[in-house]
file input.pdb (PDB, C-alpha atoms)
ATOM      1  CA  VAL K 319      -8.944 -34.624 -14.007
ATOM      2  CA  GLN K 320     -11.120 -32.314 -16.064
ATOM      3  CA  LEU K 321      -9.545 -29.026 -17.099
ATOM      4  CA  GLN K 322     -11.305 -25.880 -18.283
ATOM      5  CA  ALA K 323      -9.281 -23.144 -19.919
ATOM      6  CA  SER K 324     -10.645 -19.616 -20.220
ATOM      7  CA  GLY K 325      -9.552 -16.026 -20.671
ATOM      8  CA  GLY K 326      -8.739 -15.907 -24.361
ATOM      9  CA  GLY K 327      -9.820 -13.136 -26.659
ATOM     10  CA  LEU K 328      -8.775 -10.467 -29.104
ATOM     11  CA  VAL K 329      -6.023  -8.102 -27.975
ATOM     12  CA  GLN K 330      -3.842  -5.538 -29.721
ATOM     13  CA  PRO K 331      -0.086  -6.032 -30.027
ATOM     14  CA  GLY K 332       1.587  -5.003 -26.796
ATOM     15  CA  GLY K 333      -1.497  -5.838 -24.775
ATOM     16  CA  SER K 334      -2.063  -8.352 -21.997
ATOM     17  CA  LEU K 335      -4.309 -11.286 -21.220
ATOM     18  CA  ARG K 336      -4.564 -13.706 -18.325
ATOM     19  CA  LEU K 337      -5.562 -17.274 -19.052
ATOM     20  CA  SER K 338      -7.010 -19.535 -16.376
ATOM     21  CA  CYS K 339      -7.075 -23.325 -16.198
ATOM     22  CA  ALA K 340      -9.523 -24.630 -13.610
ATOM     23  CA  ALA K 341      -9.206 -28.257 -12.534
ATOM     24  CA  SER K 342     -12.065 -30.460 -11.348
ATOM     25  CA  GLU K 343     -10.050 -31.700  -8.380
ATOM     26  CA  SER K 344      -7.263 -30.596  -6.094
ATOM     27  CA  ILE K 345      -4.056 -29.713  -7.911
ATOM     28  CA  VAL K 346      -1.880 -29.904  -4.800
ATOM     29  CA  SER K 347      -0.592 -33.359  -5.661
ATOM     30  CA  ILE K 348      -0.493 -32.957  -9.449
ATOM     31  CA  ALA K 349       3.146 -33.234 -10.461
ATOM     32  CA  VAL K 350       3.163 -30.733 -13.286
ATOM     33  CA  MET K 351       0.722 -28.512 -15.124
ATOM     34  CA  GLY K 352       1.428 -26.716 -18.325
ATOM     35  CA  TRP K 353       0.241 -24.439 -21.069
ATOM     36  CA  TYR K 354       0.618 -25.312 -24.723
ATOM     37  CA  ARG K 355      -0.447 -23.502 -27.863
ATOM     38  CA  GLN K 356      -1.319 -24.407 -31.415
ATOM     39  CA  ALA K 357      -1.324 -21.901 -34.228
ATOM     40  CA  PRO K 358      -3.237 -22.681 -37.456
ATOM     41  CA  GLY K 359      -1.364 -25.265 -39.493
ATOM     42  CA  ASN K 360       1.184 -25.858 -36.761
ATOM     43  CA  GLN K 361       1.762 -28.540 -34.157
ATOM     44  CA  ARG K 362       0.907 -28.034 -30.508
ATOM     45  CA  ASP K 363       3.921 -26.554 -28.741
ATOM     46  CA  LEU K 364       4.887 -26.171 -25.112
ATOM     47  CA  VAL K 365       4.687 -22.661 -23.667
ATOM     48  CA  ALA K 366       5.276 -23.011 -19.929
ATOM     49  CA  THR K 367       5.084 -25.499 -17.085
ATOM     50  CA  ILE K 368       4.841 -25.371 -13.310
ATOM     51  CA  THR K 369       5.506 -28.227 -10.908
ATOM     52  CA  ARG K 370       3.889 -28.980  -7.553
ATOM     53  CA  GLY K 371       7.094 -27.637  -6.035
ATOM     54  CA  ASP K 372       6.511 -24.369  -7.907
ATOM     55  CA  SER K 373       9.411 -24.813 -10.331
ATOM     56  CA  LYS K 374       8.693 -23.006 -13.575
ATOM     57  CA  TYR K 375       9.861 -23.451 -17.142
ATOM     58  CA  TYR K 376       9.300 -21.196 -20.149
ATOM     59  CA  VAL K 377      10.174 -21.583 -23.790
ATOM     60  CA  ASP K 378      12.563 -18.920 -24.984
ATOM     61  CA  SER K 379      10.002 -17.103 -27.098
ATOM     62  CA  VAL K 380       7.887 -16.141 -24.060
ATOM     63  CA  LYS K 381      10.548 -15.614 -21.383
ATOM     64  CA  GLY K 382      10.206 -12.223 -19.752
ATOM     65  CA  ARG K 383       6.694 -11.752 -21.156
ATOM     66  CA  PHE K 384       4.633 -14.656 -19.791
ATOM     67  CA  THR K 385       4.266 -15.788 -16.185
ATOM     68  CA  ILE K 386       2.796 -19.110 -15.080
ATOM     69  CA  SER K 387       1.413 -19.446 -11.560
ATOM     70  CA  ARG K 388      -0.851 -21.688  -9.531
ATOM     71  CA  ASP K 389      -3.453 -21.144  -6.814
ATOM     72  CA  ASN K 390      -3.880 -24.445  -5.020
ATOM     73  CA  ALA K 391      -6.842 -23.140  -3.026
ATOM     74  CA  LYS K 392      -8.739 -22.456  -6.252
ATOM     75  CA  ASN K 393      -7.423 -25.525  -8.130
ATOM     76  CA  THR K 394      -6.379 -23.146 -10.884
ATOM     77  CA  VAL K 395      -3.271 -22.442 -12.932
ATOM     78  CA  TYR K 396      -2.809 -19.097 -14.641
ATOM     79  CA  LEU K 397      -0.827 -17.788 -17.569
ATOM     80  CA  GLN K 398      -0.269 -14.044 -17.460
ATOM     81  CA  MET K 399       0.687 -12.872 -20.931
ATOM     82  CA  ASN K 400       2.158  -9.402 -21.388
ATOM     83  CA  SER K 401       3.659  -7.606 -24.378
ATOM     84  CA  LEU K 402       1.696  -9.842 -26.695
ATOM     85  CA  LYS K 403       2.818 -10.203 -30.291
ATOM     86  CA  PRO K 404       0.910 -11.316 -33.403
ATOM     87  CA  GLU K 405       2.960 -14.514 -33.379
ATOM     88  CA  ASP K 406       1.404 -15.391 -30.005
ATOM     89  CA  THR K 407      -1.900 -15.927 -31.807
ATOM     90  CA  ALA K 408      -2.997 -19.513 -31.196
ATOM     91  CA  VAL K 409      -5.385 -21.769 -29.362
ATOM     92  CA  TYR K 410      -3.991 -22.200 -25.863
ATOM     93  CA  TYR K 411      -4.438 -25.487 -23.997
ATOM     94  CA  CYS K 412      -3.653 -26.510 -20.461
ATOM     95  CA  ASN K 413      -2.674 -29.969 -19.333
ATOM     96  CA  ALA K 414      -1.895 -31.835 -16.165
ATOM     97  CA  ARG K 415       0.223 -34.861 -15.301
ATOM     98  CA  LYS K 416      -0.380 -36.575 -11.978
ATOM     99  CA  SER K 417       3.165 -37.871 -12.091
ATOM    100  CA  PHE K 418       6.071 -36.863 -14.302
ATOM    101  CA  ASP K 419       5.809 -40.007 -16.432
ATOM    102  CA  ALA K 420       1.991 -40.147 -16.595
ATOM    103  CA  MET K 421      -0.134 -39.501 -19.629
ATOM    104  CA  PRO K 422      -1.432 -35.934 -19.605
ATOM    105  CA  TYR K 423      -4.981 -34.771 -19.141
ATOM    106  CA  TRP K 424      -5.983 -32.046 -21.594
ATOM    107  CA  GLY K 425      -8.608 -29.351 -21.454
ATOM    108  CA  LYS K 426     -10.361 -27.674 -24.340
ATOM    109  CA  GLY K 427      -8.470 -24.715 -25.670
ATOM    110  CA  THR K 428      -9.063 -21.003 -25.523
ATOM    111  CA  LEU K 429      -8.326 -18.813 -28.535
ATOM    112  CA  VAL K 430      -5.930 -15.889 -28.245
ATOM    113  CA  THR K 431      -5.797 -13.496 -31.185
ATOM    114  CA  VAL K 432      -3.234 -10.699 -31.226
ATOM    115  CA  SER K 433      -4.065  -8.232 -33.960
ATOM    116  CA  SER K 434      -4.499  -4.531 -34.569
TER     117      SER K 434
END
call {"tool": "encode", "arguments": {"input": "input.pdb", "output": "structure tokens"}}
result
Amino acid sequence: VQLQASGGGLVQPGGSLRLSCAASESIVSIAVMGWYRQAPGNQRDLVATITRGDSKYYVDSVKGRFTISRDNAKNTVYLQMNSLKPEDTAVYYCNARKSFDAMPYWGKGTLVTVSS
């Protein structure tokens, strides 16, 4: 599976962005897709995941602000990010696992910068 993330950019604190992750094949049967982020000098951390059954998980730091969703018809997973904070600044990556114990596929990241 090839994944292409897009939608990053520069936004002021309190603003919103929507990231997209387009897959090269149908995502209907992909067990779980997720968004991760990596700030400069830090490790890559989980942000949110969504399963093929539409179960969603968020790390505490983004709960209530970020929403993950999927459009199976477009083979795309989204991350709607609201009330952005400077600490959300990072390169955001999407990944996909065809089964829960499979190695993940990764896409290239998209940079999100939250700054006034």
call {"tool": "residues_around", "arguments": {"input": "input.pdb", "residues": "Trp353 (chain K)", "least_positions_apart": "3", "cutoff": "10 Å", "atoms": "only C-alpha atoms", "output": "PyMOL selection string"}}
result
chain K and resi 323+337-339+363-368+376+386+395-397+410-414+424+427
call {"tool": "atom_distance", "arguments": {"input": "input.pdb", "atom1": "CA of Ser342 (chain K)", "atom2": "CA of Ser417 (chain K)"}}
result
17.0 Å
call {"tool": "residues_around", "arguments": {"input": "input.pdb", "residues": "Lys381 (chain K)", "least_positions_apart": "2", "cutoff": "12 Å", "atoms": "all atoms listed in the file", "output": "count of residues only"}}
result
17
call {"tool": "closest_residue", "arguments": {"input": "input.pdb", "among": "K:Val346, K:Ala408, K:Val329, K:Ala391", "to": "Arg362 (chain K)", "atoms": "all atoms listed in the file"}}
result
K:Ala408
call {"tool": "resolve_selection", "arguments": {"input": "input.pdb", "expression": "the PyMOL selection byres ((chain K and resi 390) around 10)", "output": "number ranges by chain"}}
result
K: 341, 344-347, 370, 387-389, 391-395
call {"tool": "closest_residue", "arguments": {"input": "input.pdb", "among": "K:Val430, K:Ala340, K:Met421, K:Leu335", "to": "Thr407 (chain K)", "atoms": "all atoms listed in the file"}}
result
K:Val430
call {"tool": "closest_residue", "arguments": {"input": "input.pdb", "among": "K:Gly359, K:Gly371, K:Pro422, K:Gly382", "to": "Val319 (chain K)", "atoms": "all atoms listed in the file"}}
result
K:Pro422
call {"tool": "atom_distance", "arguments": {"input": "input.pdb", "atom1": "CA of Val432 (chain K)", "atom2": "CA of Ser334 (chain K)"}}
result
9.6 Å
call {"tool": "closest_residue", "arguments": {"input": "input.pdb", "among": "K:Val380, K:Pro358, K:Lys403, K:Gly325", "to": "Ser434 (chain K)", "atoms": "all atoms listed in the file"}}
result
K:Lys403
call {"tool": "atom_distance", "arguments": {"input": "input.pdb", "atom1": "CA of Arg336 (chain K)", "atom2": "CA of Gln322 (chain K)"}}
result
13.9 Å
call {"tool": "closest_residue", "arguments": {"input": "input.pdb", "among": "K:Gly326, K:Gln361, K:Leu321, K:Thr431", "to": "Glu343 (chain K)", "atoms": "all atoms listed in the file"}}
result
K:Leu321
call {"tool": "build_atoms", "arguments": {"input": "input.pdb", "residues": "region 363-384 of chain K", "atoms": "N, CA, C and O atoms", "output": "mmCIF file, in the frame of the given file"}}
result
data_model
loop_
_atom_site.group_PDB
_atom_site.id
_atom_site.type_symbol
_atom_site.label_atom_id
_atom_site.label_comp_id
_atom_site.auth_asym_id
_atom_site.auth_seq_id
_atom_site.Cartn_x
_atom_site.Cartn_y
_atom_site.Cartn_z
ATOM 1 N N ASP K 363 2.609 -26.782 -29.343
ATOM 2 C CA ASP K 363 3.921 -26.554 -28.741
ATOM 3 C C ASP K 363 3.800 -26.159 -27.279
ATOM 4 O O ASP K 363 2.866 -25.459 -26.881
ATOM 5 N N LEU K 364 4.818 -26.544 -26.516
ATOM 6 C CA LEU K 364 4.887 -26.171 -25.112
ATOM 7 C C LEU K 364 5.130 -24.672 -24.967
ATOM 8 O O LEU K 364 5.917 -24.085 -25.720
ATOM 9 N N VAL K 365 4.465 -24.070 -23.983
ATOM 10 C CA VAL K 365 4.687 -22.661 -23.667
ATOM 11 C C VAL K 365 5.351 -22.523 -22.304
ATOM 12 O O VAL K 365 6.381 -21.869 -22.162
ATOM 13 N N ALA K 366 4.757 -23.132 -21.288
ATOM 14 C CA ALA K 366 5.276 -23.011 -19.929
ATOM 15 C C ALA K 366 4.748 -24.148 -19.078
ATOM 16 O O ALA K 366 3.674 -24.682 -19.348
ATOM 17 N N THR K 367 5.531 -24.494 -18.041
ATOM 18 C CA THR K 367 5.084 -25.499 -17.085
ATOM 19 C C THR K 367 5.372 -25.046 -15.664
ATOM 20 O O THR K 367 6.250 -24.199 -15.431
ATOM 21 N N ILE K 368 4.614 -25.633 -14.725
ATOM 22 C CA ILE K 368 4.841 -25.371 -13.310
ATOM 23 C C ILE K 368 4.651 -26.674 -12.556
ATOM 24 O O ILE K 368 3.690 -27.405 -12.800
ATOM 25 N N THR K 369 5.594 -26.980 -11.654
ATOM 26 C CA THR K 369 5.506 -28.227 -10.908
ATOM 27 C C THR K 369 4.803 -28.011 -9.575
ATOM 28 O O THR K 369 4.575 -26.871 -9.140
ATOM 29 N N ARG K 370 4.520 -29.106 -8.869
ATOM 30 C CA ARG K 370 3.889 -28.980 -7.553
ATOM 31 C C ARG K 370 4.840 -28.308 -6.573
ATOM 32 O O ARG K 370 4.384 -27.765 -5.574
ATOM 33 N N GLY K 371 6.122 -28.341 -6.868
ATOM 34 C CA GLY K 371 7.094 -27.637 -6.035
ATOM 35 C C GLY K 371 7.311 -26.202 -6.464
ATOM 36 O O GLY K 371 8.193 -25.518 -5.947
ATOM 37 N N ASP K 372 6.508 -25.740 -7.417
ATOM 38 C CA ASP K 372 6.511 -24.369 -7.907
ATOM 39 C C ASP K 372 7.708 -24.043 -8.794
ATOM 40 O O ASP K 372 8.040 -22.869 -8.995
ATOM 41 N N SER K 373 8.370 -25.067 -9.337
ATOM 42 C CA SER K 373 9.411 -24.813 -10.331
ATOM 43 C C SER K 373 8.756 -24.476 -11.660
ATOM 44 O O SER K 373 7.781 -25.113 -12.054
ATOM 45 N N LYS K 374 9.310 -23.494 -12.346
ATOM 46 C CA LYS K 374 8.693 -23.006 -13.575
ATOM 47 C C LYS K 374 9.669 -23.122 -14.747
ATOM 48 O O LYS K 374 10.878 -22.973 -14.578
ATOM 49 N N TYR K 375 9.081 -23.375 -15.910
ATOM 50 C CA TYR K 375 9.861 -23.451 -17.142
ATOM 51 C C TYR K 375 9.121 -22.676 -18.219
ATOM 52 O O TYR K 375 7.890 -22.751 -18.307
ATOM 53 N N TYR K 376 9.880 -21.947 -19.028
ATOM 54 C CA TYR K 376 9.300 -21.196 -20.149
ATOM 55 C C TYR K 376 10.111 -21.466 -21.413
ATOM 56 O O TYR K 376 11.349 -21.553 -21.363
ATOM 57 N N VAL K 377 9.431 -21.527 -22.531
ATOM 58 C CA VAL K 377 10.174 -21.583 -23.790
ATOM 59 C C VAL K 377 10.758 -20.192 -24.040
ATOM 60 O O VAL K 377 10.265 -19.184 -23.526
ATOM 61 N N ASP K 378 11.827 -20.177 -24.802
ATOM 62 C CA ASP K 378 12.563 -18.920 -24.984
ATOM 63 C C ASP K 378 11.699 -17.792 -25.539
ATOM 64 O O ASP K 378 11.867 -16.627 -25.167
ATOM 65 N N SER K 379 10.778 -18.134 -26.412
ATOM 66 C CA SER K 379 10.002 -17.103 -27.098
ATOM 67 C C SER K 379 9.058 -16.328 -26.175
ATOM 68 O O SER K 379 8.575 -15.260 -26.552
ATOM 69 N N VAL K 380 8.804 -16.842 -24.970
ATOM 70 C CA VAL K 380 7.887 -16.141 -24.060
ATOM 71 C C VAL K 380 8.568 -15.685 -22.775
ATOM 72 O O VAL K 380 7.948 -15.007 -21.954
ATOM 73 N N LYS K 381 9.837 -16.015 -22.603
ATOM 74 C CA LYS K 381 10.548 -15.614 -21.383
ATOM 75 C C LYS K 381 10.545 -14.101 -21.233
ATOM 76 O O LYS K 381 10.796 -13.367 -22.180
ATOM 77 N N GLY K 382 10.250 -13.653 -20.020
ATOM 78 C CA GLY K 382 10.206 -12.223 -19.752
ATOM 79 C C GLY K 382 8.878 -11.576 -20.091
ATOM 80 O O GLY K 382 8.644 -10.415 -19.737
ATOM 81 N N ARG K 383 8.000 -12.300 -20.786
ATOM 82 C CA ARG K 383 6.694 -11.752 -21.156
ATOM 83 C C ARG K 383 5.543 -12.509 -20.499
ATOM 84 O O ARG K 383 4.526 -11.906 -20.151
ATOM 85 N N PHE K 384 5.690 -13.822 -20.366
ATOM 86 C CA PHE K 384 4.633 -14.656 -19.791
ATOM 87 C C PHE K 384 5.034 -15.120 -18.395
ATOM 88 O O PHE K 384 6.218 -15.364 -18.125
#
